[in-house]
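Chemist: File entry_2.tsv below, TSV, C-alpha atoms:
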```tsv
chain	number	residue	atom	x	y	z
A	1	MET	CA	0.00	0.00	0.00
A	2	ILE	CA	1.23	3.47	-0.87
A	3	GLY	CA	1.40	6.03	1.89
A	4	ARG	CA	-0.14	9.48	1.67
A	5	ARG	CA	3.22	11.11	0.95
A	6	GLY	CA	3.87	8.81	-2.02
A	7	PHE	CA	0.38	9.32	-3.40
A	8	LEU	CA	0.61	13.10	-3.24
A	9	ALA	CA	4.09	13.08	-4.72
A	10	GLY	CA	2.87	11.00	-7.64
A	11	ALA	CA	-0.12	13.27	-8.15
A	12	ALA	CA	2.10	16.33	-8.05
A	13	THR	CA	4.42	14.80	-10.64
A	14	THR	CA	1.48	14.18	-12.94
A	15	ALA	CA	0.15	17.69	-12.43
A	16	ALA	CA	3.56	19.09	-13.29
A	17	GLY	CA	3.33	17.47	-16.73
A	18	ALA	CA	5.88	14.69	-16.29
A	19	SER	CA	6.88	12.76	-19.39
A	20	LEU	CA	4.89	9.52	-19.44
A	21	VAL	CA	5.89	6.43	-21.37
A	22	GLY	CA	3.79	4.30	-23.68
A	23	LEU	CA	0.58	6.27	-23.42
A	24	SER	CA	-0.51	5.50	-26.95
A	25	PRO	CA	0.63	3.24	-29.80
A	26	ALA	CA	2.58	6.17	-31.18
A	27	ASP	CA	4.64	6.19	-27.97
A	28	ALA	CA	5.15	2.42	-27.73
A	29	VAL	CA	7.92	1.26	-25.43
A	30	PRO	CA	10.86	-0.37	-27.26
A	31	VAL	CA	12.21	-3.74	-26.18
A	32	ALA	CA	15.37	-3.59	-24.07
A	33	SER	CA	18.67	-4.81	-25.42
A	34	GLY	CA	19.10	-8.53	-24.73
A	35	VAL	CA	15.35	-9.23	-24.42
A	36	THR	CA	13.82	-11.37	-27.16
A	37	LYS	CA	10.06	-11.38	-27.27
A	38	PHE	CA	8.19	-14.59	-27.98
A	39	ASP	CA	6.95	-14.60	-31.56
A	40	PHE	CA	3.35	-14.01	-32.49
A	41	PRO	CA	1.70	-16.86	-34.38
A	42	THR	CA	1.60	-16.85	-38.16
A	43	ASP	CA	-1.08	-19.53	-38.52
A	44	ARG	CA	-4.69	-18.60	-39.33
A	45	ASN	CA	-6.03	-20.96	-36.67
A	46	VAL	CA	-5.48	-19.17	-33.36
A	47	ARG	CA	-5.95	-20.66	-29.87
A	48	VAL	CA	-6.13	-17.95	-27.21
A	49	LEU	CA	-5.81	-18.39	-23.45
A	50	VAL	CA	-8.20	-15.88	-21.83
A	51	THR	CA	-7.42	-15.15	-18.19
A	52	GLY	CA	-7.84	-12.25	-15.80
A	53	ASP	CA	-7.30	-10.98	-12.27
A	54	ALA	CA	-4.46	-13.43	-11.79
A	55	GLY	CA	-1.64	-11.53	-10.12
A	56	THR	CA	-1.73	-12.67	-6.51
A	57	GLY	CA	1.30	-14.95	-6.42
A	58	THR	CA	-0.75	-17.23	-4.17
A	59	ARG	CA	-1.63	-20.91	-4.24
A	60	THR	CA	-4.81	-20.16	-6.18
A	61	GLN	CA	-2.94	-18.47	-9.03
A	62	TRP	CA	-0.47	-21.36	-9.18
A	63	ALA	CA	-3.27	-23.94	-9.27
A	64	VAL	CA	-4.88	-22.24	-12.26
A	65	ALA	CA	-1.51	-21.78	-13.96
A	66	ASP	CA	-0.77	-25.50	-13.48
A	67	ALA	CA	-4.05	-26.28	-15.24
A	68	MET	CA	-3.11	-23.88	-18.04
A	69	ARG	CA	0.24	-25.64	-18.45
A	70	ASP	CA	-1.48	-29.02	-18.62
A	71	TYR	CA	-3.91	-27.73	-21.26
A	72	HIS	CA	-1.03	-26.19	-23.23
A	73	ARG	CA	0.85	-29.51	-23.30
A	74	ARG	CA	-2.17	-31.21	-24.85
A	75	GLN	CA	-3.53	-28.38	-27.01
A	76	PRO	CA	-0.94	-25.62	-27.41
A	77	PHE	CA	-1.95	-22.00	-27.05
A	78	SER	CA	-0.96	-19.40	-29.64
A	79	LEU	CA	-1.01	-16.49	-27.18
A	80	ALA	CA	-2.70	-15.29	-23.99
A	81	LEU	CA	-4.81	-12.36	-22.87
A	82	GLY	CA	-4.25	-11.05	-19.34
A	83	LEU	CA	-7.35	-8.98	-18.64
A	84	GLY	CA	-6.00	-6.75	-15.88
A	85	ASP	CA	-5.31	-6.72	-12.15
A	86	ASN	CA	-1.96	-8.18	-13.07
A	87	ILE	CA	-0.22	-7.20	-9.82
A	88	TYR	CA	-2.34	-7.36	-6.64
A	89	GLU	CA	-3.16	-5.60	-4.44
A	90	SER	CA	-1.83	-2.21	-5.45
A	91	GLY	CA	0.27	-2.61	-8.57
A	92	PRO	CA	4.05	-2.44	-9.00
A	93	HIS	CA	6.36	0.22	-7.62
A	94	SER	CA	8.55	0.30	-10.74
A	95	ALA	CA	9.39	-1.63	-13.88
A	96	VAL	CA	11.94	-3.69	-11.93
A	97	ASP	CA	9.63	-4.54	-9.02
A	98	ALA	CA	10.13	-8.14	-7.84
A	99	GLN	CA	6.34	-8.56	-7.96
A	100	PHE	CA	6.60	-9.07	-11.72
A	101	THR	CA	8.67	-12.19	-11.04
A	102	ASP	CA	6.54	-13.45	-8.15
A	103	LYS	CA	3.12	-12.73	-9.62
A	104	PHE	CA	3.65	-13.14	-13.35
A	105	GLU	CA	6.88	-14.74	-14.55
A	106	ASN	CA	7.22	-17.60	-12.06
A	107	PRO	CA	3.57	-18.71	-12.02
A	108	ASN	CA	3.48	-18.68	-15.84
A	109	ALA	CA	6.78	-20.48	-16.43
A	110	GLY	CA	6.48	-22.75	-19.45
A	111	LEU	CA	3.64	-20.75	-20.96
A	112	ASP	CA	6.09	-19.37	-23.45
A	113	PHE	CA	4.12	-17.26	-25.89
A	114	PRO	CA	3.05	-13.60	-26.03
A	115	TRP	CA	0.73	-12.38	-23.25
A	116	LEU	CA	-1.30	-9.34	-24.30
A	117	MET	CA	-1.75	-7.47	-21.03
A	118	VAL	CA	-4.53	-5.06	-20.00
A	119	LEU	CA	-4.31	-2.48	-17.20
A	120	GLY	CA	-6.76	-3.01	-14.31
A	121	ASN	CA	-7.86	-0.87	-11.37
A	122	HIS	CA	-5.50	-2.68	-8.96
A	123	ASP	CA	-2.62	-1.90	-11.34
A	124	ASN	CA	-3.37	1.82	-10.90
A	125	SER	CA	-3.86	1.99	-7.12
A	126	SER	CA	-3.18	5.03	-4.97
A	127	VAL	CA	-4.30	4.99	-1.32
A	128	LEU	CA	-6.22	1.70	-1.26
A	129	GLY	CA	-5.62	-1.38	-3.37
A	130	GLY	CA	-7.93	-1.26	-6.37
A	131	ASP	CA	-9.06	2.35	-6.04
A	132	GLY	CA	-7.68	3.16	-9.51
A	133	GLY	CA	-6.67	6.58	-8.25
A	134	TRP	CA	-3.05	6.81	-9.39
A	135	LEU	CA	-3.07	6.28	-13.15
A	136	LEU	CA	0.61	7.16	-13.37
A	137	ARG	CA	1.36	3.91	-11.54
A	138	GLY	CA	0.13	1.79	-14.44
A	139	ASN	CA	3.01	3.07	-16.55
A	140	SER	CA	5.37	0.79	-14.64
A	141	GLU	CA	3.58	-2.12	-16.28
A	142	VAL	CA	3.99	-0.47	-19.68
A	143	GLU	CA	7.70	-0.01	-19.01
A	144	TYR	CA	7.97	-3.69	-18.05
A	145	HIS	CA	7.22	-4.51	-21.70
A	146	ALA	CA	10.92	-3.79	-22.33
A	147	ASN	CA	12.06	-6.39	-19.81
A	148	SER	CA	10.08	-9.59	-20.45
A	149	PRO	CA	9.83	-12.05	-23.35
A	150	ARG	CA	6.19	-12.83	-22.40
A	151	TRP	CA	4.67	-9.56	-21.21
A	152	TRP	CA	3.22	-7.53	-24.12
A	153	MET	CA	2.11	-4.02	-23.14
A	154	PRO	CA	3.96	-1.54	-25.35
A	155	SER	CA	1.44	1.17	-24.50
A	156	ARG	CA	-1.55	1.78	-22.23
A	157	TYR	CA	-3.73	0.95	-25.24
A	158	TYR	CA	-2.73	-0.81	-28.45
A	159	SER	CA	-3.83	-3.42	-30.98
A	160	VAL	CA	-2.35	-6.65	-32.33
A	161	ARG	CA	-3.28	-8.46	-35.55
A	162	ILE	CA	-2.93	-12.26	-35.67
A	163	PRO	CA	-1.41	-13.15	-38.06
A	164	GLU	CA	-0.03	-9.79	-39.03
A	165	GLN	CA	-0.78	-10.35	-42.71
A	166	GLN	CA	-4.38	-11.28	-43.61
A	167	PRO	CA	-5.34	-11.41	-39.93
A	168	VAL	CA	-8.00	-13.73	-38.60
A	169	VAL	CA	-8.34	-11.57	-35.49
A	170	GLU	CA	-7.34	-8.14	-34.23
A	171	PHE	CA	-7.27	-7.51	-30.49
A	172	PHE	CA	-7.91	-3.94	-29.37
A	173	VAL	CA	-6.49	-3.60	-25.85
A	174	LEU	CA	-8.14	-0.64	-24.15
A	175	ASP	CA	-7.57	1.41	-21.00
A	176	VAL	CA	-10.88	2.61	-19.51
A	177	ASN	CA	-9.41	3.13	-16.03
A	178	PRO	CA	-9.76	6.95	-16.23
A	179	LEU	CA	-13.52	6.42	-16.74
A	180	ALA	CA	-14.04	3.85	-13.98
A	181	ALA	CA	-11.71	4.71	-11.09
A	182	TYR	CA	-13.16	4.65	-7.58
A	183	ILE	CA	-11.07	7.78	-7.00
A	184	PRO	CA	-11.64	9.83	-10.16
A	185	PRO	CA	-8.60	11.66	-11.56
A	186	ILE	CA	-8.79	15.20	-10.25
A	187	PHE	CA	-5.16	16.40	-10.25
A	188	ASP	CA	-4.63	16.62	-13.99
A	189	PRO	CA	-7.16	17.34	-16.74
A	190	TYR	CA	-5.05	15.13	-19.01
A	191	TRP	CA	-6.82	12.06	-17.52
A	192	ALA	CA	-10.30	13.60	-17.41
A	193	VAL	CA	-13.31	11.99	-19.07
A	194	ASP	CA	-12.97	14.43	-21.96
A	195	GLY	CA	-9.24	15.04	-21.49
A	196	GLN	CA	-6.38	14.45	-23.88
A	197	PHE	CA	-5.71	10.81	-22.96
A	198	MET	CA	-9.27	9.57	-23.47
A	199	ASN	CA	-9.93	11.74	-26.52
A	200	GLU	CA	-6.79	10.44	-28.22
A	201	GLN	CA	-7.74	6.88	-27.32
A	202	ARG	CA	-11.25	7.36	-28.74
A	203	ALA	CA	-9.90	8.75	-32.02
A	204	TRP	CA	-7.29	6.01	-32.27
A	205	LEU	CA	-9.84	3.24	-31.58
A	206	ASP	CA	-12.37	4.51	-34.11
A	207	ARG	CA	-9.70	4.67	-36.78
A	208	ALA	CA	-8.11	1.32	-35.85
A	209	ILE	CA	-11.41	-0.57	-35.96
A	210	ALA	CA	-12.46	1.07	-39.23
A	211	GLU	CA	-9.13	0.18	-40.86
A	212	SER	CA	-8.94	-3.38	-39.51
A	213	PRO	CA	-9.02	-6.13	-42.16
A	214	ALA	CA	-9.45	-8.86	-39.51
A	215	GLU	CA	-12.28	-11.40	-39.69
A	216	TRP	CA	-12.84	-11.01	-35.95
A	217	LYS	CA	-12.48	-7.79	-33.96
A	218	ILE	CA	-12.13	-8.24	-30.19
A	219	ALA	CA	-11.99	-5.50	-27.56
A	220	CYS	CA	-10.02	-6.38	-24.43
A	221	THR	CA	-10.75	-4.37	-21.29
A	222	HIS	CA	-10.52	-4.85	-17.56
A	223	HIS	CA	-13.89	-3.34	-16.69
A	224	PRO	CA	-16.79	-5.11	-18.42
A	225	TYR	CA	-19.62	-3.49	-20.33
A	226	ALA	CA	-22.15	-6.15	-19.26
A	227	ASN	CA	-21.74	-8.28	-16.15
A	228	ASN	CA	-24.06	-10.39	-14.00
A	229	GLY	CA	-21.60	-10.55	-11.10
A	230	PRO	CA	-21.13	-8.33	-8.04
A	231	HIS	CA	-19.36	-5.49	-9.86
A	232	GLY	CA	-22.36	-5.04	-12.16
A	233	ASP	CA	-22.83	-3.46	-15.58
A	234	ALA	CA	-21.10	-0.29	-16.72
A	235	GLY	CA	-23.29	2.56	-15.55
A	236	HIS	CA	-24.28	0.55	-12.48
A	237	TYR	CA	-20.89	-0.60	-11.15
A	238	GLU	CA	-21.19	-1.87	-7.56
A	239	GLY	CA	-24.93	-1.21	-7.75
A	240	LEU	CA	-24.24	2.53	-7.37
A	241	SER	CA	-26.16	5.44	-8.84
A	242	VAL	CA	-23.46	8.02	-8.11
A	243	ALA	CA	-21.53	9.24	-11.14
A	244	PRO	CA	-18.77	8.84	-12.12
A	245	ILE	CA	-17.83	5.88	-9.91
A	246	ASN	CA	-20.81	3.91	-11.21
A	247	GLY	CA	-19.00	3.69	-14.55
A	248	ILE	CA	-21.48	5.82	-16.48
A	249	HIS	CA	-18.64	7.27	-18.57
A	250	ALA	CA	-17.30	3.78	-19.27
A	251	LYS	CA	-20.79	2.81	-20.46
A	252	GLN	CA	-20.84	5.76	-22.83
A	253	PHE	CA	-17.39	4.87	-24.13
A	254	PHE	CA	-18.42	1.29	-24.85
A	255	GLU	CA	-21.65	2.36	-26.56
A	256	ASP	CA	-19.99	5.05	-28.67
A	257	HIS	CA	-16.85	3.19	-29.71
A	258	VAL	CA	-17.07	-0.59	-29.11
A	259	VAL	CA	-20.50	-2.23	-29.22
A	260	GLY	CA	-21.69	-2.96	-32.73
A	261	LYS	CA	-18.12	-2.47	-33.97
A	262	CYS	CA	-16.35	-5.39	-32.27
A	263	HIS	CA	-17.63	-8.96	-32.23
A	264	PHE	CA	-16.57	-9.58	-28.63
A	265	ILE	CA	-15.66	-7.69	-25.47
A	266	LEU	CA	-13.37	-9.71	-23.18
A	267	SER	CA	-13.06	-8.43	-19.62
A	268	GLY	CA	-11.97	-9.36	-16.11
A	269	HIS	CA	-12.67	-7.32	-12.95
A	270	ASP	CA	-15.50	-9.58	-11.78
A	271	HIS	CA	-13.96	-12.74	-10.29
A	272	SER	CA	-16.19	-15.07	-12.24
A	273	LEU	CA	-16.61	-16.87	-15.55
A	274	GLN	CA	-19.45	-15.58	-17.71
A	275	VAL	CA	-20.53	-16.12	-21.32
A	276	LEU	CA	-23.27	-13.55	-21.93
A	277	GLU	CA	-25.63	-13.41	-24.88
A	278	PRO	CA	-25.44	-10.54	-27.37
A	279	THR	CA	-28.47	-8.27	-27.30
A	280	ALA	CA	-30.07	-5.50	-29.30
A	281	GLY	CA	-28.62	-3.09	-26.75
A	282	SER	CA	-25.12	-4.45	-27.33
A	283	LYS	CA	-25.73	-4.28	-31.10
A	284	GLY	CA	-24.75	-7.92	-31.43
A	285	THR	CA	-21.47	-7.65	-29.51
A	286	ARG	CA	-20.98	-10.52	-27.05
A	287	GLN	CA	-19.46	-9.97	-23.58
A	288	LEU	CA	-17.23	-12.59	-21.98
A	289	VAL	CA	-15.94	-12.21	-18.40
A	290	SER	CA	-12.90	-14.24	-17.38
A	291	GLY	CA	-11.66	-12.97	-14.01
A	292	ALA	CA	-11.33	-16.15	-11.94
A	293	ALA	CA	-7.64	-16.92	-12.40
A	294	ALA	CA	-6.85	-16.43	-8.68
A	295	LYS	CA	-10.02	-15.30	-6.88
A	296	THR	CA	-13.73	-16.11	-6.98
A	297	VAL	CA	-16.83	-14.15	-6.13
A	298	ALA	CA	-17.83	-16.82	-3.63
A	299	ALA	CA	-14.91	-15.84	-1.40
A	300	GLU	CA	-15.74	-12.12	-1.43
A	301	PRO	CA	-18.47	-9.77	-0.22
A	302	LYS	CA	-21.26	-9.47	-2.76
A	303	LEU	CA	-21.26	-5.73	-3.36
A	304	ASN	CA	-24.07	-6.01	-5.89
A	305	PRO	CA	-25.82	-9.23	-4.87
A	306	GLY	CA	-28.77	-8.80	-7.21
A	307	GLY	CA	-26.61	-8.94	-10.31
A	308	SER	CA	-27.72	-7.42	-13.59
A	309	GLY	CA	-29.77	-10.20	-15.13
A	310	ASN	CA	-28.15	-10.24	-18.56
A	311	ALA	CA	-29.10	-13.25	-20.70
A	312	VAL	CA	-26.40	-15.87	-20.31
A	313	LEU	CA	-25.10	-19.04	-21.91
A	314	PHE	CA	-22.86	-19.94	-18.96
A	315	GLU	CA	-21.90	-18.42	-15.62
A	316	ASN	CA	-19.90	-19.63	-12.63
A	317	TYR	CA	-19.16	-17.60	-9.52
A	318	HIS	CA	-17.62	-20.13	-7.15
A	319	GLU	CA	-14.86	-21.89	-9.10
A	320	LEU	CA	-11.45	-20.79	-10.32
A	321	GLY	CA	-10.74	-21.08	-14.02
A	322	PHE	CA	-9.96	-19.65	-17.43
A	323	MET	CA	-11.29	-19.62	-20.99
A	324	VAL	CA	-9.96	-20.83	-24.32
A	325	MET	CA	-10.99	-19.27	-27.63
A	326	ASP	CA	-10.30	-21.09	-30.88
A	327	LEU	CA	-10.56	-18.66	-33.78
A	328	ALA	CA	-10.59	-19.56	-37.46
A	329	ALA	CA	-11.64	-17.57	-40.51
A	330	SER	CA	-15.34	-18.40	-40.13
A	331	THR	CA	-15.74	-19.90	-36.64
A	332	VAL	CA	-15.17	-19.07	-32.98
A	333	ASP	CA	-15.25	-21.88	-30.42
A	334	LEU	CA	-15.12	-21.27	-26.67
A	335	THR	CA	-14.19	-23.61	-23.83
A	336	VAL	CA	-14.49	-22.66	-20.16
A	337	VAL	CA	-12.15	-24.63	-17.90
A	338	THR	CA	-12.77	-24.75	-14.14
A	339	VAL	CA	-10.11	-25.71	-11.61
A	340	ASP	CA	-10.65	-27.50	-8.31
A	341	LEU	CA	-8.24	-26.01	-5.76
A	342	ALA	CA	-8.29	-29.02	-3.44
A	343	SER	CA	-7.38	-31.62	-6.06
A	344	GLY	CA	-5.77	-29.42	-8.70
A	345	GLY	CA	-8.00	-31.10	-11.24
A	346	ALA	CA	-9.38	-29.18	-14.21
A	347	SER	CA	-12.40	-29.87	-16.36
A	348	ALA	CA	-14.17	-28.36	-19.34
A	349	ALA	CA	-17.32	-26.94	-17.76
A	350	PHE	CA	-18.64	-25.43	-20.98
A	351	ALA	CA	-17.87	-25.75	-24.68
A	352	HIS	CA	-19.82	-23.99	-27.41
A	353	ARG	CA	-19.42	-22.62	-30.93
A	354	LEU	CA	-20.13	-18.91	-30.57
A	355	ALA	CA	-19.95	-18.10	-34.28
```
In structure tokens, write the structure found in this file.

Modeler:
Amino acid sequence: MIGRRGFLAGAATTAAGASLVGLSPADAVPVASGVTKFDFPTDRNVRVLVTGDAGTGTRTQWAVADAMRDYHRRQPFSLALGLGDNIYESGPHSAVDAQFTDKFENPNAGLDFPWLMVLGNHDNSSVLGGDGGWLLRGNSEVEYHANSPRWWMPSRYYSVRIPEQQPVVEFFVLDVNPLAAYIPPIFDPYWAVDGQFMNEQRAWLDRAIAESPAEWKIACTHHPYANNGPHGDAGHYEGLSVAPINGIHAKQFFEDHVVGKCHFILSGHDHSLQVLEPTAGSKGTRQLVSGAAAKTVAAEPKLNPGGSGNAVLFENYHELGFMVMDLAASTVDLTVVTVDLASGGASAAFAHRLA
């Protein structure tokens, strides 16, 4: 946890206009000398490990990672998506923080392929873990891109086409933390709802989606648009009616720039496994929530116990697990794998062709 002095110092640095790294694709962080990134796949059949809210370094994270390794031995992954809250509880202190080793590299040993990483609220903590109140802190995770063969986060938001030529899929990794923080950014208008950072991200995303030649367009966020779990839907996060911490600005962002334009939204944040149905309101975009890589809702207070009641194909709130997406030119297949902590056993709890 950061003390008050550190928080205020960080805020003051931001307010003073400090140079920030990797804010946009145009400012992508280069790879450090001596670091060789794992290659992106060139095949047009792509198997994606979808995992989120993993970075605890605890027995639960290791149990899920063991199940991922077992799956990878039998049916190799092409790459992974890490949907935020990568370093619990409060994010890293710098790009050389030992937490990267303890909560990412060591648990994921042997899963040697690119991990497209998303920034979560815990990765941007200020006073309390998960408050999302020190956005500057997330830049340490961007800087870590230079240091790791696995970790792919060259910017706070970016996209990746797989394969690069004639892509089957393009992943648009987004940073909606300025719109959903429990402590809204008040020290620097740069991070404001209509400030430079978000406006540049909006313009970039609109252009990137419009120009994408990929068969499948997938938005990757930490905060979900639709969610039946305790954190709730955007616009009703935590069951709150108070803007902006209810995520009303995140809702507007999704509706203006993502739904109806991407086929899927993949998110973490809620420590559950959910396959929601597309709706008229989502303009056909389907929401998946995969945030059970180290924690489950069953072990936590239910902040929004009523849930949101979105139509669902599958949901699980009490078991650890991850998802696997198999993408081809004309099909998308999804498998949800749950992990039993006591036995370490894993099983396919759900398998379905989504498209």

Chemist: Name all residues at most 8 Å from Gly82 (chain A) (count all atoms listed in the file; drop same-chain ones fewer than 6 positions away) and give them as a VMD selection string.

Modeler: chain A and resid 50 to 54 115 to 118

Chemist: If you measure from CA of Asn228 (chain A) to CA of Tyr317 (chain A), what distance in Å do you get, rounded to one decimal?

Modeler: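 Computing the Euclidean distance for CA of Asn228 (chain A) and CA of Tyr317 (chain A) yields 9.8 Å.
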
Chemist: Using all atoms listed in the file, which protein or nucleic acid residues come within 9 Å of Ala210 (chain A)? Drop anything in the same chain fewer than 4 positions from it, and give the result as a ChimeraX atom specification.

Modeler: /A:205-206,261

Chemist: Go through A:Met68, A:Pro107, A:Arg47, A:Ser33 and flag the residue nearest Gly345 (chain A), using only C-alpha atoms for the distances.

Modeler: A:Met68

Chemist: Go through region 108-163 of chain A residue by residue and, counting all atoms listed in the file, keep those with an atom at most 12 Å from region 234-246 of chain A; for each kept residue give the shortest atom pair and its distance in Å to one decimal, ordered by chain and increasing number, as a Markdown table.

Modeler:
```
| residue | atom | partner | partner_atom | distance |
| --- | --- | --- | --- | --- |
| A:Asp131 | CA | A:Ile245 | CA | 10.2 |
| A:Gly132 | CA | A:Ile245 | CA | 10.5 |
| A:Gly133 | CA | A:Ile245 | CA | 11.3 |
```

Chemist: In Å, rounded to a single decimal, give me how far CA of Thr58 (chain A) is from CA of Ala180 (chain A).

Modeler: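 We find that CA of Ala180 (chain A) and CA of Thr58 (chain A) lie 26.8 Å from each other.
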
Chemist: Quick one: pull the distance between CA of Val169 (chain A) and CA of Ala311 (chain A), Å, one decimal.

Modeler: 25.5 Å

Chemist: In terms of the shortest atom-to-atom distance over all atoms listed in the file, which of A:Ile87, A:Val127, A:Leu327, A:Leu135 is closest to Glu170 (chain A)?

Modeler: A:Leu327

Chemist: Please list, as a PyMOL selection string, the residues that have an atom at most 8 Å away from (-10.5, -9.0, -16.5) in the coordinates of this file, counting all atoms listed in the file.

Modeler: chain A and resi 51-53+82-85+118+120+221-224+266-270+289-291

Chemist: So, with all atoms listed in the file as the atoms that count, which of A:Phe254, A:Phe350, A:Phe322, A:Phe197 lies closest to Tyr71 (chain A)?

Modeler: A:Phe322

Chemist: So, counting only C-alpha atoms, which residue among A:Gly247, A:Pro167, A:Gly229, A:Pro41 is closest to Leu79 (chain A)?

Modeler: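 Smallest separation from Leu79 (chain A) among the options: A:Pro41.
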
Chemist: Which one of A:His263, A:Lys295, A:Arg69, A:Arg74 sits closest to His318 (chain A) if you count all atoms listed in the file?

Modeler: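 Counting all atoms listed in the file, the residue closest to His318 (chain A) is A:Lys295.
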
Chemist: Considering all atoms listed in the file, return as a list in words whatever protein or nucleic-acid residues lie within 8 Å of Leu174 (chain A), sequence-local ones (same chain, fewer than 5 positions apart) excluded.

Modeler: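 Residues near the query, excluding close chain neighbours: Val118, Arg156, Tyr157, Tyr158, Ala219, Cys220 and Thr221 of chain A.
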
Chemist: Nearest to Leu341 (chain A) among A:Glu277, A:Thr296, A:Ser24, A:Ser155, with distances taken over all atoms listed in the file: which residue is it?

Modeler: A:Thr296

Chemist: Around (-14.9, -7.5, -34.5), as given in the file, which residues come within 10 Å? Count all atoms listed in the file and list them as a ChimeraX atom specification.

Modeler: /A:169-172,209,212-219,258-265,285

Chemist: Please list as a ChimeraX atom specification every residue within 9 Å of Val31 (chain A), counting only C-alpha atoms and excluding residues in the same chain fewer than 3 positions away.

Modeler: /A:34-37,145-148,154

Chemist: Which neighbours of region 332-338 of chain A fall inside 7 Å, counting all atoms listed in the file, when residues of the same chain fewer than 2 positions from it are skipped, and could you give them as a ChimeraX atom specification?

Modeler: /A:319-328,340,346-355
